[in-house]
Structure formats: structure tokens, C-alpha cells
>>> print(open('target-v4.cif').read())   # mmCIF, C-alpha atoms and all ligand atoms
data_final
loop_
_atom_site.label_atom_id
_atom_site.label_comp_id
_atom_site.auth_asym_id
_atom_site.auth_seq_id
_atom_site.Cartn_x
_atom_site.Cartn_y
_atom_site.Cartn_z
CA MET T 1 28.84 -19.61 13.44
CA THR T 2 31.71 -17.21 12.76
CA PHE T 3 31.82 -14.63 10.00
CA GLN T 4 34.60 -16.62 8.27
CA GLU T 5 32.54 -19.81 8.31
CA LEU T 6 29.51 -17.98 6.96
CA GLU T 7 31.59 -16.30 4.28
CA SER T 8 33.09 -19.52 3.00
CA LEU T 9 29.65 -21.14 2.82
CA TYR T 10 28.25 -18.05 1.09
CA ASN T 11 30.90 -18.28 -1.60
CA LEU T 12 30.17 -21.89 -2.52
CA PRO T 13 28.56 -22.61 -5.87
CA LEU T 14 24.81 -22.20 -5.30
CA PHE T 15 23.95 -25.87 -5.80
CA GLU T 16 26.57 -26.98 -3.30
CA LEU T 17 25.34 -24.45 -0.74
CA ILE T 18 21.76 -25.63 -1.20
CA GLN T 19 22.83 -29.27 -0.94
CA ARG T 20 24.37 -28.48 2.46
CA SER T 21 21.40 -26.46 3.73
CA ARG T 22 19.01 -29.14 2.51
CA SER T 23 20.82 -31.81 4.48
CA VAL T 24 20.81 -29.65 7.65
CA HIS T 25 17.11 -29.07 7.05
CA GLU T 26 16.41 -32.80 6.75
CA GLU T 27 18.34 -33.61 9.92
CA ASN T 28 16.28 -31.12 11.90
CA TRP T 29 12.85 -30.78 10.29
CA PRO T 30 10.26 -32.79 8.40
CA SER T 31 11.24 -32.16 4.78
CA ALA T 32 7.85 -31.16 3.41
CA GLU T 33 6.24 -28.94 6.04
CA VAL T 34 5.60 -25.24 6.12
CA GLN T 35 4.32 -23.32 9.13
CA LEU T 36 1.49 -20.88 8.46
CA CYS T 37 1.58 -17.76 10.64
CA THR T 38 -0.99 -14.98 10.70
CA LEU T 39 0.12 -11.43 11.28
CA LEU T 40 -2.13 -8.71 12.65
CA SER T 41 -1.26 -5.08 13.21
CA ILE T 42 -3.06 -4.37 16.49
CA LYS T 43 -1.76 -0.80 16.66
CA THR T 44 -0.91 0.80 13.34
CA GLY T 45 1.14 3.91 12.51
CA GLY T 46 2.16 7.00 14.43
CA CYS T 47 5.42 5.47 15.70
CA SER T 48 8.03 7.78 17.27
CA GLU T 49 10.98 5.88 15.74
CA ASP T 50 12.69 6.73 12.45
CA CYS T 51 13.37 3.26 10.97
CA SER T 52 13.92 4.31 7.39
CA TYR T 53 12.17 1.30 5.86
CA CYS T 54 8.96 1.61 7.87
CA ALA T 55 5.65 3.05 6.71
CA GLN T 56 4.50 3.28 10.33
CA SER T 57 6.99 5.90 11.45
CA ALA T 58 5.25 9.22 12.20
CA ARG T 59 8.19 11.00 10.56
CA TYR T 60 7.36 10.03 6.98
CA ASN T 61 4.36 10.77 4.77
CA SER T 62 3.71 7.18 3.83
CA GLY T 63 -0.07 7.47 3.68
CA VAL T 64 -0.51 5.15 6.70
CA SER T 65 -2.81 6.91 9.14
CA PRO T 66 -2.26 6.37 12.85
CA GLU T 67 -4.86 4.18 14.52
CA ARG T 68 -5.72 3.32 18.10
CA LEU T 69 -5.04 -0.05 19.67
CA MET T 70 -7.63 -2.49 18.29
CA GLU T 71 -10.42 -3.70 20.55
CA LYS T 72 -9.85 -7.08 22.16
CA CYS T 73 -13.03 -8.60 20.72
CA GLN T 74 -11.97 -7.73 17.16
CA ILE T 75 -8.51 -9.18 17.73
CA LEU T 76 -10.01 -12.39 19.11
CA GLU T 77 -12.23 -12.72 16.05
CA ARG T 78 -9.19 -12.40 13.80
CA ALA T 79 -7.25 -14.90 15.89
CA LYS T 80 -10.05 -17.45 15.70
CA ALA T 81 -10.35 -16.95 11.94
CA ALA T 82 -6.58 -17.47 11.66
CA ARG T 83 -6.83 -20.75 13.54
CA GLU T 84 -9.75 -21.88 11.32
CA SER T 85 -7.72 -21.16 8.22
CA GLY T 86 -4.84 -23.37 9.39
CA SER T 87 -2.47 -20.94 11.07
CA THR T 88 -0.59 -22.28 14.07
CA ARG T 89 0.96 -18.99 15.07
CA PHE T 90 -0.73 -15.65 15.66
CA CYS T 91 1.63 -12.65 15.62
CA MET T 92 0.46 -9.28 16.88
CA GLY T 93 2.46 -6.19 15.96
CA ALA T 94 2.32 -2.70 17.43
CA ALA T 95 3.95 0.44 16.04
CA TRP T 96 5.52 1.48 19.31
CA ARG T 97 9.04 2.30 20.42
CA GLY T 98 8.33 -0.04 23.29
CA VAL T 99 6.04 -0.82 26.21
CA ARG T 100 6.26 0.09 29.89
CA GLU T 101 4.82 -1.65 32.92
CA GLY T 102 2.08 0.30 34.69
CA THR T 103 0.75 1.99 31.55
CA LYS T 104 -2.81 1.49 30.38
CA ARG T 105 -1.78 0.27 26.97
CA PHE T 106 0.53 -2.37 28.41
CA ASP T 107 -2.28 -3.65 30.64
CA GLN T 108 -4.54 -3.79 27.59
CA VAL T 109 -1.96 -5.82 25.68
CA LEU T 110 -1.59 -8.24 28.59
CA ASP T 111 -5.35 -8.68 28.67
CA ILE T 112 -5.43 -9.36 24.92
CA VAL T 113 -2.57 -11.88 25.18
CA ARG T 114 -4.31 -13.76 28.01
CA ASP T 115 -7.36 -14.38 25.85
CA VAL T 116 -5.53 -15.10 22.58
CA SER T 117 -3.30 -17.61 24.35
CA GLU T 118 -6.38 -19.71 25.21
CA LEU T 119 -6.84 -20.52 21.51
CA GLY T 120 -4.05 -23.11 21.26
CA MET T 121 -1.81 -21.27 18.81
CA GLU T 122 1.70 -20.01 19.32
CA VAL T 123 1.33 -16.40 20.47
CA CYS T 124 3.95 -13.99 19.18
CA VAL T 125 4.03 -10.27 19.87
CA THR T 126 6.26 -7.51 18.54
CA LEU T 127 5.86 -4.37 20.62
CA GLY T 128 9.33 -2.81 20.46
CA GLU T 129 11.64 -2.32 23.45
CA LEU T 130 11.08 -4.34 26.65
CA GLY T 131 12.66 -4.25 30.08
CA PRO T 132 12.98 -7.32 32.30
CA SER T 133 9.67 -6.76 34.09
CA GLU T 134 7.65 -6.16 30.91
CA ALA T 135 9.13 -9.36 29.47
CA GLN T 136 8.20 -11.29 32.60
CA LYS T 137 4.62 -9.98 32.49
CA LEU T 138 4.22 -10.89 28.82
CA LYS T 139 5.52 -14.40 29.47
CA GLU T 140 3.09 -14.83 32.39
CA ALA T 141 0.19 -13.61 30.23
CA GLY T 142 0.90 -16.38 27.71
CA VAL T 143 3.24 -14.99 25.04
CA THR T 144 5.27 -17.86 23.57
CA ALA T 145 7.57 -15.83 21.29
CA TYR T 146 8.80 -12.26 21.14
CA ASN T 147 9.68 -10.85 17.71
CA HIS T 148 12.46 -8.29 17.73
CA ASN T 149 14.61 -8.09 14.63
CA ILE T 150 18.16 -6.81 14.49
CA ASP T 151 17.37 -6.03 10.84
CA THR T 152 20.97 -5.62 9.60
CA SER T 153 24.59 -5.62 10.76
CA PRO T 154 25.67 -3.59 13.83
CA GLU T 155 27.73 -1.38 11.47
CA HIS T 156 24.89 -0.61 9.05
CA TYR T 157 22.19 -0.19 11.72
CA PRO T 158 22.92 3.52 12.45
CA ASN T 159 22.45 4.31 8.74
CA ILE T 160 18.91 2.91 8.97
CA VAL T 161 17.70 3.92 12.44
CA THR T 162 18.91 6.76 14.67
CA THR T 163 16.28 6.90 17.43
CA HIS T 164 17.48 3.70 19.11
CA THR T 165 20.64 1.63 18.91
CA PHE T 166 21.61 -1.86 17.88
CA GLN T 167 22.57 -2.48 21.51
CA ASP T 168 19.03 -1.46 22.59
CA ARG T 169 17.73 -4.22 20.29
CA LEU T 170 20.12 -6.78 21.81
CA ASN T 171 19.09 -5.77 25.33
CA THR T 172 15.41 -6.36 24.57
CA ILE T 173 16.22 -9.77 23.11
CA ARG T 174 18.14 -10.65 26.28
CA HIS T 175 15.19 -9.59 28.43
CA ALA T 176 12.77 -11.70 26.37
CA GLN T 177 15.07 -14.73 26.69
CA ASP T 178 15.64 -14.24 30.42
CA ALA T 179 11.87 -14.20 30.94
CA GLY T 180 11.61 -17.58 29.19
CA MET T 181 10.03 -16.48 25.93
CA SER T 182 11.23 -17.86 22.62
CA VAL T 183 12.84 -15.24 20.46
CA CYS T 184 11.96 -14.55 16.85
CA CYS T 185 14.79 -12.50 15.40
CA GLY T 186 15.75 -11.82 11.83
CA GLY T 187 16.27 -8.99 9.44
CA ILE T 188 15.62 -7.25 6.17
CA LEU T 189 17.54 -7.58 2.94
CA GLY T 190 17.63 -4.58 0.61
CA LEU T 191 18.43 -1.74 3.05
CA GLY T 192 21.49 -0.72 1.00
CA GLU T 193 23.69 -3.17 2.92
CA ASN T 194 26.47 -5.21 1.35
CA THR T 195 27.12 -8.94 1.62
CA THR T 196 29.43 -8.42 4.61
CA ASP T 197 26.54 -6.72 6.48
CA ARG T 198 24.23 -9.63 5.69
CA LEU T 199 26.75 -12.17 6.95
CA LYS T 200 27.46 -10.12 10.09
CA MET T 201 23.74 -9.99 10.79
CA LEU T 202 23.60 -13.79 10.62
CA GLU T 203 26.74 -14.06 12.75
CA VAL T 204 25.04 -12.05 15.50
CA ILE T 205 21.75 -13.95 15.27
CA SER T 206 23.47 -17.32 15.32
CA SER T 207 25.50 -16.32 18.39
CA PHE T 208 22.41 -15.82 20.58
CA ASN T 209 22.26 -18.24 23.48
CA PRO T 210 19.82 -19.92 23.08
CA GLN T 211 19.58 -19.48 19.34
CA PRO T 212 16.29 -17.92 18.20
CA GLU T 213 13.35 -20.21 17.74
CA SER T 214 12.48 -18.43 14.50
CA VAL T 215 14.35 -16.26 12.03
CA PRO T 216 12.26 -14.07 9.72
CA ILE T 217 14.03 -13.10 6.51
CA ASN T 218 12.28 -10.04 5.09
CA SER T 219 13.02 -8.43 1.74
CA LEU T 220 12.46 -4.70 1.84
CA MET T 221 9.05 -3.67 0.59
CA PRO T 222 9.87 -0.09 -0.44
CA MET T 223 7.16 2.07 1.12
CA PRO T 224 6.24 5.40 -0.53
CA GLY T 225 7.30 8.42 1.52
CA THR T 226 10.04 6.56 3.45
CA PRO T 227 13.74 7.29 2.86
CA LEU T 228 14.12 3.84 1.27
CA ALA T 229 11.16 4.22 -1.10
CA GLU T 230 13.36 4.07 -4.21
CA GLN T 231 15.59 1.22 -3.08
CA HIS T 232 16.00 -1.50 -5.70
CA GLY T 233 14.92 -5.10 -5.14
CA VAL T 234 16.95 -8.00 -3.76
CA ASP T 235 18.45 -10.51 -6.18
CA THR T 236 16.62 -13.84 -5.76
CA PHE T 237 19.80 -15.91 -5.67
CA GLU T 238 21.21 -13.70 -2.92
CA LEU T 239 18.00 -14.17 -0.96
CA VAL T 240 18.25 -17.93 -1.44
CA ARG T 241 21.88 -17.92 -0.27
CA ILE T 242 20.93 -16.03 2.91
CA ILE T 243 18.09 -18.45 3.60
CA ALA T 244 20.43 -21.40 3.09
CA LEU T 245 22.95 -19.84 5.48
CA ALA T 246 20.28 -19.14 8.09
CA ARG T 247 19.22 -22.79 7.87
CA ILE T 248 22.80 -24.01 8.35
CA ALA T 249 23.77 -21.49 11.07
CA ILE T 250 20.56 -21.77 13.11
CA PRO T 251 19.49 -25.34 12.34
CA LYS T 252 16.58 -25.65 14.76
CA ALA T 253 14.95 -22.32 13.91
CA LYS T 254 11.92 -21.94 11.76
CA VAL T 255 13.30 -19.85 8.93
CA ARG T 256 10.44 -17.63 7.86
CA LEU T 257 10.23 -16.32 4.31
CA SER T 258 8.64 -13.05 5.43
CA ALA T 259 7.94 -9.67 3.81
CA GLY T 260 8.44 -9.39 0.07
CA ARG T 261 6.80 -12.57 -1.23
CA THR T 262 4.49 -10.51 -3.48
CA ASN T 263 7.59 -9.64 -5.52
CA LEU T 264 8.76 -13.25 -5.80
CA SER T 265 7.59 -15.72 -8.44
CA GLU T 266 6.25 -19.07 -7.25
CA GLU T 267 9.44 -20.64 -8.59
CA ALA T 268 11.61 -18.25 -6.54
CA GLN T 269 9.60 -19.01 -3.39
CA THR T 270 9.97 -22.72 -4.12
CA LEU T 271 13.74 -22.35 -4.26
CA CYS T 272 13.59 -20.56 -0.88
CA PHE T 273 11.65 -23.48 0.61
CA PHE T 274 14.09 -25.95 -0.90
CA ALA T 275 17.02 -24.01 0.58
CA GLY T 276 15.55 -24.16 4.10
CA ALA T 277 12.63 -21.77 4.60
CA ASN T 278 9.83 -23.58 6.44
CA SER T 279 7.46 -20.86 7.55
CA ILE T 280 5.51 -18.01 5.95
CA PHE T 281 3.16 -15.20 6.87
CA TYR T 282 -0.18 -16.31 5.57
CA GLY T 283 -3.01 -13.85 4.87
CA ASP T 284 -3.54 -11.07 2.36
CA LYS T 285 -1.88 -8.38 4.47
CA LEU T 286 1.32 -8.11 6.50
CA LEU T 287 1.19 -5.11 8.86
CA THR T 288 0.47 -2.39 6.30
CA ALA T 289 1.86 -3.99 3.13
CA ALA T 290 0.45 -6.62 0.81
CA ASN T 291 1.05 -10.36 1.03
CA PRO T 292 -0.01 -13.07 -1.46
CA ALA T 293 -3.69 -14.12 -1.33
CA VAL T 294 -4.50 -17.10 0.88
CA GLU T 295 -5.85 -19.12 -2.07
CA LYS T 296 -2.67 -18.53 -4.03
CA ASP T 297 -0.50 -19.74 -1.13
CA LEU T 298 -2.65 -22.81 -0.49
CA ASN T 299 -2.52 -23.64 -4.17
CA LEU T 300 1.29 -23.37 -4.24
CA ILE T 301 1.65 -25.44 -1.07
CA ASP T 302 -0.60 -28.11 -2.58
CA ARG T 303 1.21 -28.20 -5.93
CA LEU T 304 4.55 -28.60 -4.15
CA GLY T 305 3.23 -31.45 -1.99
CA LEU T 306 4.01 -29.45 1.15
CA LYS T 307 1.87 -29.85 4.26
CA PRO T 308 0.90 -27.02 6.62
CA GLN T 309 2.65 -27.68 9.93
CA GLN T 310 0.41 -29.01 12.70
CA PRO T 311 0.18 -27.09 16.01
CA ASN T 312 3.18 -27.80 18.22
CA PRO T 313 2.03 -28.83 21.71
CA ASP T 314 5.46 -27.90 23.14
CA LEU T 315 5.52 -24.13 23.27
CA SER T 316 8.45 -23.88 25.67
CA ALA T 317 11.46 -21.76 24.76
CA PRO T 318 14.75 -23.39 23.72
CA ASN T 319 17.30 -23.90 26.52
CA ALA T 320 20.51 -21.92 26.71
CA ASP T 321 23.83 -23.71 26.24
CA GLN T 322 25.51 -23.29 29.65
CA THR T 323 28.98 -23.68 28.14
CA LYS T 324 28.61 -20.56 25.98
CA PRO T 325 28.33 -16.84 26.81
CA ASN T 326 24.79 -15.56 26.69
CA GLN T 327 25.48 -12.10 25.31
CA PRO T 328 26.25 -12.02 21.59
CA GLN T 329 29.82 -10.94 20.89
CA ILE T 330 29.78 -7.74 18.87
CA ALA T 331 33.12 -7.04 17.17
N1 LIG O 401 7.79 -1.66 16.41
C1 LIG O 401 8.24 -2.97 16.56
C2 LIG O 401 9.68 -3.15 16.20
O1 LIG O 401 10.24 -2.29 15.56
O2 LIG O 401 10.25 -4.17 16.56
C3 LIG O 401 7.40 -4.01 15.85
C4 LIG O 401 6.90 -3.78 14.45
S1 LIG O 401 8.14 -3.67 13.17
C5 LIG O 401 7.13 -3.13 11.84
C6 LIG O 401 8.59 -5.34 12.83
C7 LIG O 401 9.57 -5.63 11.70
O3 LIG O 401 8.93 -5.51 10.45
C8 LIG O 401 10.77 -4.74 11.55
O4 LIG O 401 11.80 -5.05 12.47
C9 LIG O 401 11.22 -5.06 10.13
O5 LIG O 401 12.09 -6.18 10.14
C10 LIG O 401 9.91 -5.44 9.44
N2 LIG O 401 9.53 -4.43 8.44
C11 LIG O 401 8.96 -3.24 8.68
N3 LIG O 401 8.76 -2.56 7.54
C12 LIG O 401 9.23 -3.33 6.53
C13 LIG O 401 9.31 -3.16 5.12
N4 LIG O 401 8.90 -2.06 4.53
N5 LIG O 401 9.83 -4.17 4.40
C14 LIG O 401 10.27 -5.30 5.00
N6 LIG O 401 10.21 -5.50 6.34
C15 LIG O 401 9.71 -4.54 7.10
C1 LIG O 402 8.87 -9.66 10.61
O1 LIG O 402 10.08 -9.95 10.60
N1 LIG O 402 8.19 -9.33 9.52
C2 LIG O 402 6.82 -8.99 9.87
C3 LIG O 402 6.76 -9.34 11.38
N2 LIG O 402 8.11 -9.66 11.70
C4 LIG O 402 6.19 -8.40 12.34
C5 LIG O 402 6.48 -7.59 9.51
C6 LIG O 402 6.65 -7.29 8.03
C7 LIG O 402 6.19 -5.90 7.79
C8 LIG O 402 6.19 -5.55 6.33
C9 LIG O 402 5.83 -4.13 6.08
C10 LIG O 402 4.45 -3.72 6.46
O2 LIG O 402 3.50 -4.54 6.43
O3 LIG O 402 4.28 -2.53 6.76
FE1 LIG O 403 8.24 1.96 14.79
FE2 LIG O 403 8.84 -0.65 14.60
FE3 LIG O 403 8.30 0.82 12.38
FE4 LIG O 403 10.58 1.22 13.71
S1 LIG O 403 9.96 -0.69 12.66
S2 LIG O 403 9.17 2.83 12.94
S3 LIG O 403 9.95 0.89 15.83
S4 LIG O 403 6.90 0.32 14.03
#
>>> encode(input="target-v4.cif", output="C-alpha cells")
Amino acid sequence: MTFQELESLYNLPLFELIQRSRSVHEENWPSAEVQLCTLLSIKTGGCSEDCSYCAQSARYNSGVSPERLMEKCQILERAKAARESGSTRFCMGAAWRGVREGTKRFDQVLDIVRDVSELGMEVCVTLGELGPSEAQKLKEAGVTAYNHNIDTSPEHYPNIVTTHTFQDRLNTIRHAQDAGMSVCCGGILGLGENTTDRLKMLEVISSFNPQPESVPINSLMPMPGTPLAEQHGVDTFELVRIIALARIAIPKAKVRLSAGRTNLSEEAQTLCFFAGANSIFYGDKLLTAANPAVEKDLNLIDRLGLKPQQPNPDLSAPNADQTKPNQPQIA
């Protein structure tokens, strides 16, 4: 979807925008389902990168202490517990710039993925930069989706991160797609960007071929010690508009209402679901930051008459559209 199309939708009266996103939602998804995803930080802190929102960067005194890669048996316990509690997707995050074939830590990750993928959940990993061979190895080990966010517009990205480029992010996404993994790609609202940046971010994400299988919409959780610690919160109606646009522009993606739910009322979250969000991170912790308690989420889901999504037996990645270019067009 082009920037102009996104902009004219964005400027509609809110109810009209939601009416449109709701109808796209109903054409593509069961209307009352929400996917529950469990997130686990398998390697926390000490990251070389300078992403100015992130508590895991070694450059900031955020109070997050660097840890080693978790042991496989502990990860498997957490994955089984996630499945028991109704999650259908297990997402493992590592605070790395990226991974390289032939290193011990990459072999350890492959070993972990092989075992987690036996449990019947979608297996998502977010490990930073990948080359073609790392992507291929992860796919073979059983990864179903690779999370790599573009986070903001190409223009605003250098104000947020200087240790890698927006193009580096696009290259990794291409490698994940070429290896046959689904891509989970979204961004963060509240990084000091303007509406144009938010729409450009969605323009890029919607131009991927194939479009991402999931689109996480995070609201910045300002982390003490990071350059964005004092950033003010995101207006709920702007968040809802971006969710509605993501639903319209990327109709078959799970739109995940991601970081920042602890700052949203139940009513605000409900509006997000109504506008097209159909997936959440479920569990008391994200990577380092807080998330609503499991009981609170289950209670909300129940009161809204929503149903947790059942496991999807088809874990294959979406197909590319052969009539379209497969590199996003960056203006
Ligand atoms: N190192 C890998 C990478 O950068 O892709 C994986 C982990 S990284 C923490 C995953 C994503 O979490 C980021 O791309 C960003 O969208 C999100 N994130 C990190 N810190 C956040 C914060 N304070 N508030 C909201 N989202 C955040
Ligand atoms: C995504 O888009 N959001 C998740 C997941 N992908 C890896 C991470 C949110 C992190 C929030 C900040 C923290 O926990 O440190
Ligand atoms: Fe490292 Fe990822 Fe955090 Fe950036 S977002 S500092 S790459 S863990």
C-alpha cells in the first residue's frame, strides 16, 4: 500500500477507519480470536548495538545485567509451560547484533530450536542480523518465523540506531524469507517519530514480498538509563489508527499488540482488538520489561468473549507474489 493510500486512510474519522479495518479483519480472520504468544529472553543484556530504546544495549546503564545464553533444559521447561498455559507461539529473543555460522553460540541456538520445535508450537526467534546460510540453518532446525523489526521509517532510523543501518535490517529480512521462514516484522511507536514516519514504516512493511506473517506493534516502554528514558507516551487513538492501518495494509498478518500493554487500560486494549489486533505477548514479562499478568489477560479475553487461537497445523511461510518485486522500494 502506498504512502498516499495510507495517509488518506489515516486521516479518516476514527469510526470510519475502524469500520474499514474491521471489515478487512472479518474477511481474513475469525472475528473473535486472539493468538497467545510467549516470549522468552534466552540471552539477556550486554548487546553491542546502540538502539536508543533498548535496555539490553551494553552502552547504557539501564540496570539490566548481562547474562549467558540460557541452558537448553531450562528453555524447554519454559516452552512446555507456555504450551500448557495456552500459547501457540514460543518466541526466543537474544540480545545480539547477529549470529554467525560456525560459532559455538549459533550451534547452541540450533540445538535449542530443534528441541523446542518438537513441541508443536510456532517457533519464532529474534537473534539480530542473519546471512543467507544462517537463515537456511535456522529454517532446517525448525524455526517457523524470524522476528526482525524495522522499528520506524528509513528516515528516522539513523536517529535511533547508529551501529547498523535500515538497509542491514532489510537484508536480514530478505535472507529469512529466501530461506523459507515466515517473517515477523513491525515497529515501535513513541521513538520521537512523526505521523509521516509511522506511515512510511507501514509502507515499507506492506511492500515486503511476501508480506510478513505477523506485525508486532510495540509502544515504547521508556527504559531508565537509555536515551529515550524520558520520552512521553503514545496517544491511544494514534495507536489504534496504526493498528487499523496495519490490518488494512497487511490483511493476512497477525497484528500483534506488543510491548506497552501495561500502560493501556483494558478499554484501550479492547479498542485495539476491535481495530484489528489479533495477537498478544502473554506472560508476566516481555524480554526485560513488564507485561500484564496472565490472570488479568485471561480475564479480559473471557469478558470480551474472545477465544485463544488454536495451534495452526500449517506452519509454512506465505508465498511470494511473482508479479511483484521482492525487495521493498525505499524512496
Ligand atoms: N537483538 C535483536 C534485534 O534487535 O532484532 C532481537 C531483540 S530486540 C529487543 C527485539 C525488538 O524489541 C526490537 O526490535 C524492538 O522493536 C523491541 N523493543 C526493544 N526494546 C523496547 C522497548 N523499550 N519498548 C518497546 N519495544 C522494544
Ligand atoms: C517485538 O516486536 N516485541 C518483543 C519481541 N518482538 C521480541 C520485544 C519487546 C521488548 C520490550 C522491552 C523489553 O522487554 O526489554
Ligand atoms: Fe541489541 Fe536488539 Fe537491543 Fe538493539 S534492540 S540493543 S540489537 S538487543
>>> closest_residue(input="target-v4.cif", among="T:Asp151, T:Asp115, T:Asp321, T:Glu238", to="T:Cys51", atoms="only C-alpha atoms")
T:Asp151
>>> atom_distance(input="target-v4.cif", atom1="atom CA of T:Leu264", atom2="atom CA of T:Asp235")
10.1 Å
>>> closest_residue(input="target-v4.cif", among="T:Asn171, T:Ser206, T:Thr152, T:Asn312", to="ligand LIG 402 (chain O)", atoms="only C-alpha atoms and all ligand atoms")
T:Thr152
>>> closest_atom_pairs(input="target-v4.cif", of="chain T", to="ligand LIG 402 (chain O)", cutoff="10 Å", atoms="only C-alpha atoms and all ligand atoms", output="CSV")
residue,atom,partner,partner_atom,distance
T:Cys37,CA,O:LIG402,C3,9.9
T:Thr38,CA,O:LIG402,C3,9.6
T:Leu39,CA,O:LIG402,C4,6.9
T:Leu40,CA,O:LIG402,C4,8.3
T:Ser41,CA,O:LIG402,C4,8.2
T:Thr44,CA,O:LIG402,O3,9.0
T:Gly45,CA,O:LIG402,O3,9.2
T:Tyr53,CA,O:LIG402,C9,8.4
T:Cys54,CA,O:LIG402,O3,6.3
T:Ala55,CA,O:LIG402,O3,5.7
T:Gln56,CA,O:LIG402,O3,6.8
T:Val64,CA,O:LIG402,O3,9.1
T:Cys91,CA,O:LIG402,C4,7.0
T:Met92,CA,O:LIG402,C4,7.4
T:Gly93,CA,O:LIG402,C4,5.6
T:Ala94,CA,O:LIG402,C4,8.6
T:Ala95,CA,O:LIG402,O3,9.7
T:Cys124,CA,O:LIG402,C4,9.1
T:Val125,CA,O:LIG402,C4,8.1
T:Thr126,CA,O:LIG402,C4,6.3
T:Leu127,CA,O:LIG402,C4,9.2
T:Tyr146,CA,O:LIG402,N2,9.8
T:Asn147,CA,O:LIG402,N2,6.3
T:His148,CA,O:LIG402,N2,7.6
T:Asn149,CA,O:LIG402,O1,6.3
T:Ile150,CA,O:LIG402,O1,9.5
T:Asp151,CA,O:LIG402,O1,8.3
T:Cys184,CA,O:LIG402,O1,8.0
T:Cys185,CA,O:LIG402,O1,7.2
T:Gly186,CA,O:LIG402,O1,6.1
T:Gly187,CA,O:LIG402,O1,6.4
T:Ile188,CA,O:LIG402,O1,7.6
T:Ser214,CA,O:LIG402,O1,9.6
T:Val215,CA,O:LIG402,O1,7.8
T:Pro216,CA,O:LIG402,O1,4.7
T:Ile217,CA,O:LIG402,O1,6.5
T:Asn218,CA,O:LIG402,O1,5.9
T:Ser219,CA,O:LIG402,C8,8.7
T:Leu220,CA,O:LIG402,C8,7.8
T:Met221,CA,O:LIG402,C9,6.4
T:Pro222,CA,O:LIG402,C9,8.7
T:Met223,CA,O:LIG402,O3,7.8
T:Arg256,CA,O:LIG402,O1,8.2
T:Leu257,CA,O:LIG402,O1,9.0
T:Ser258,CA,O:LIG402,N1,5.5
T:Ala259,CA,O:LIG402,C6,5.0
T:Gly260,CA,O:LIG402,C8,7.7
T:Ile280,CA,O:LIG402,N1,9.8
T:Phe281,CA,O:LIG402,C2,7.8
T:Lys285,CA,O:LIG402,O2,6.9
T:Leu286,CA,O:LIG402,O2,4.2
T:Leu287,CA,O:LIG402,O2,3.4
T:Thr288,CA,O:LIG402,O2,3.7
T:Ala289,CA,O:LIG402,O2,3.7
T:Ala290,CA,O:LIG402,O2,6.7
T:Asn291,CA,O:LIG402,O2,8.3
>>> closest_residue(input="target-v4.cif", among="T:Arg97, T:Arg261, T:Lys324, T:Lys72", to="T:Glu129", atoms="only C-alpha atoms")
T:Arg97
>>> atom_distance(input="target-v4.cif", atom1="atom CA of T:Asp111", atom2="atom CA of T:Leu138")
9.8 Å
>>> atom_distance(input="target-v4.cif", atom1="atom CA of T:Arg241", atom2="atom CA of T:Thr88")
27.0 Å
>>> closest_residue(input="target-v4.cif", among="T:Thr270, T:Ser153, T:Ser117, T:Ser48", to="ligand LIG 401 (chain O)", atoms="all atoms listed in the file")
T:Ser48
>>> closest_residue(input="target-v4.cif", among="T:Arg198, T:Arg105, T:Arg100, T:Arg169", to="ligand LIG 401 (chain O)", atoms="all atoms listed in the file")
T:Arg169
>>> residues_near_point(input="target-v4.cif", point="(6.0, -25.6, 26.7)", cutoff="12 Å", atoms="all atoms listed in the file", output="number ranges by chain")
T: 120-122, 139, 142-145, 180-182, 312-319
>>> write_last_selection(input="target-v4.cif", atoms="C-alpha atoms", output="CSV table (one decimal), in the frame of the given file")
chain,number,residue,atom,x,y,z
T,120,GLY,CA,-4.0,-23.1,21.3
T,121,MET,CA,-1.8,-21.3,18.8
T,122,GLU,CA,1.7,-20.0,19.3
T,139,LYS,CA,5.5,-14.4,29.5
T,142,GLY,CA,0.9,-16.4,27.7
T,143,VAL,CA,3.2,-15.0,25.0
T,144,THR,CA,5.3,-17.9,23.6
T,145,ALA,CA,7.6,-15.8,21.3
T,180,GLY,CA,11.6,-17.6,29.2
T,181,MET,CA,10.0,-16.5,25.9
T,182,SER,CA,11.2,-17.9,22.6
T,312,ASN,CA,3.2,-27.8,18.2
T,313,PRO,CA,2.0,-28.8,21.7
T,314,ASP,CA,5.5,-27.9,23.1
T,315,LEU,CA,5.5,-24.1,23.3
T,316,SER,CA,8.4,-23.9,25.7
T,317,ALA,CA,11.5,-21.8,24.8
T,318,PRO,CA,14.8,-23.4,23.7
T,319,ASN,CA,17.3,-23.9,26.5
>>> residues_around(input="target-v4.cif", residues="T:Glu101", least_positions_apart="3", cutoff="8 Å", atoms="all atoms listed in the file", output="PyMOL selection string")
chain T and resi 106-107+133-134
>>> closest_residue(input="target-v4.cif", among="T:Gln231, T:Asn299, T:Thr2, T:Thr103", to="ligand LIG 401 (chain O)", atoms="all atoms listed in the file")
T:Gln231
>>> build_atoms(input="target-v4.cif", residues="stretch 166-175 of chain T", atoms="N, CA, C and O atoms", output="CSV table (one decimal), in the frame of the given file")
chain,number,residue,atom,x,y,z
T,166,PHE,N,21.5,-0.4,18.1
T,166,PHE,CA,21.6,-1.9,17.9
T,166,PHE,C,21.7,-2.5,19.3
T,166,PHE,O,21.0,-3.6,19.5
T,167,GLN,N,22.4,-1.9,20.2
T,167,GLN,CA,22.6,-2.5,21.5
T,167,GLN,C,21.2,-2.5,22.2
T,167,GLN,O,20.9,-3.4,22.9
T,168,ASP,N,20.4,-1.4,22.0
T,168,ASP,CA,19.0,-1.5,22.6
T,168,ASP,C,18.3,-2.7,22.1
T,168,ASP,O,17.5,-3.3,22.9
T,169,ARG,N,18.4,-3.0,20.8
T,169,ARG,CA,17.7,-4.2,20.3
T,169,ARG,C,18.2,-5.5,21.0
T,169,ARG,O,17.4,-6.3,21.4
T,170,LEU,N,19.6,-5.6,21.2
T,170,LEU,CA,20.1,-6.8,21.8
T,170,LEU,C,19.6,-6.9,23.3
T,170,LEU,O,19.3,-8.0,23.8
T,171,ASN,N,19.5,-5.7,23.9
T,171,ASN,CA,19.1,-5.8,25.3
T,171,ASN,C,17.7,-6.3,25.4
T,171,ASN,O,17.4,-7.1,26.3
T,172,THR,N,16.8,-5.9,24.5
T,172,THR,CA,15.4,-6.4,24.6
T,172,THR,C,15.4,-7.9,24.3
T,172,THR,O,14.6,-8.6,25.0
T,173,ILE,N,16.2,-8.3,23.4
T,173,ILE,CA,16.2,-9.8,23.1
T,173,ILE,C,16.7,-10.5,24.4
T,173,ILE,O,16.1,-11.6,24.7
T,174,ARG,N,17.7,-10.0,25.0
T,174,ARG,CA,18.1,-10.6,26.3
T,174,ARG,C,17.0,-10.7,27.3
T,174,ARG,O,16.8,-11.7,28.0
T,175,HIS,N,16.3,-9.6,27.4
T,175,HIS,CA,15.2,-9.6,28.4
T,175,HIS,C,14.1,-10.6,28.1
T,175,HIS,O,13.6,-11.3,29.0
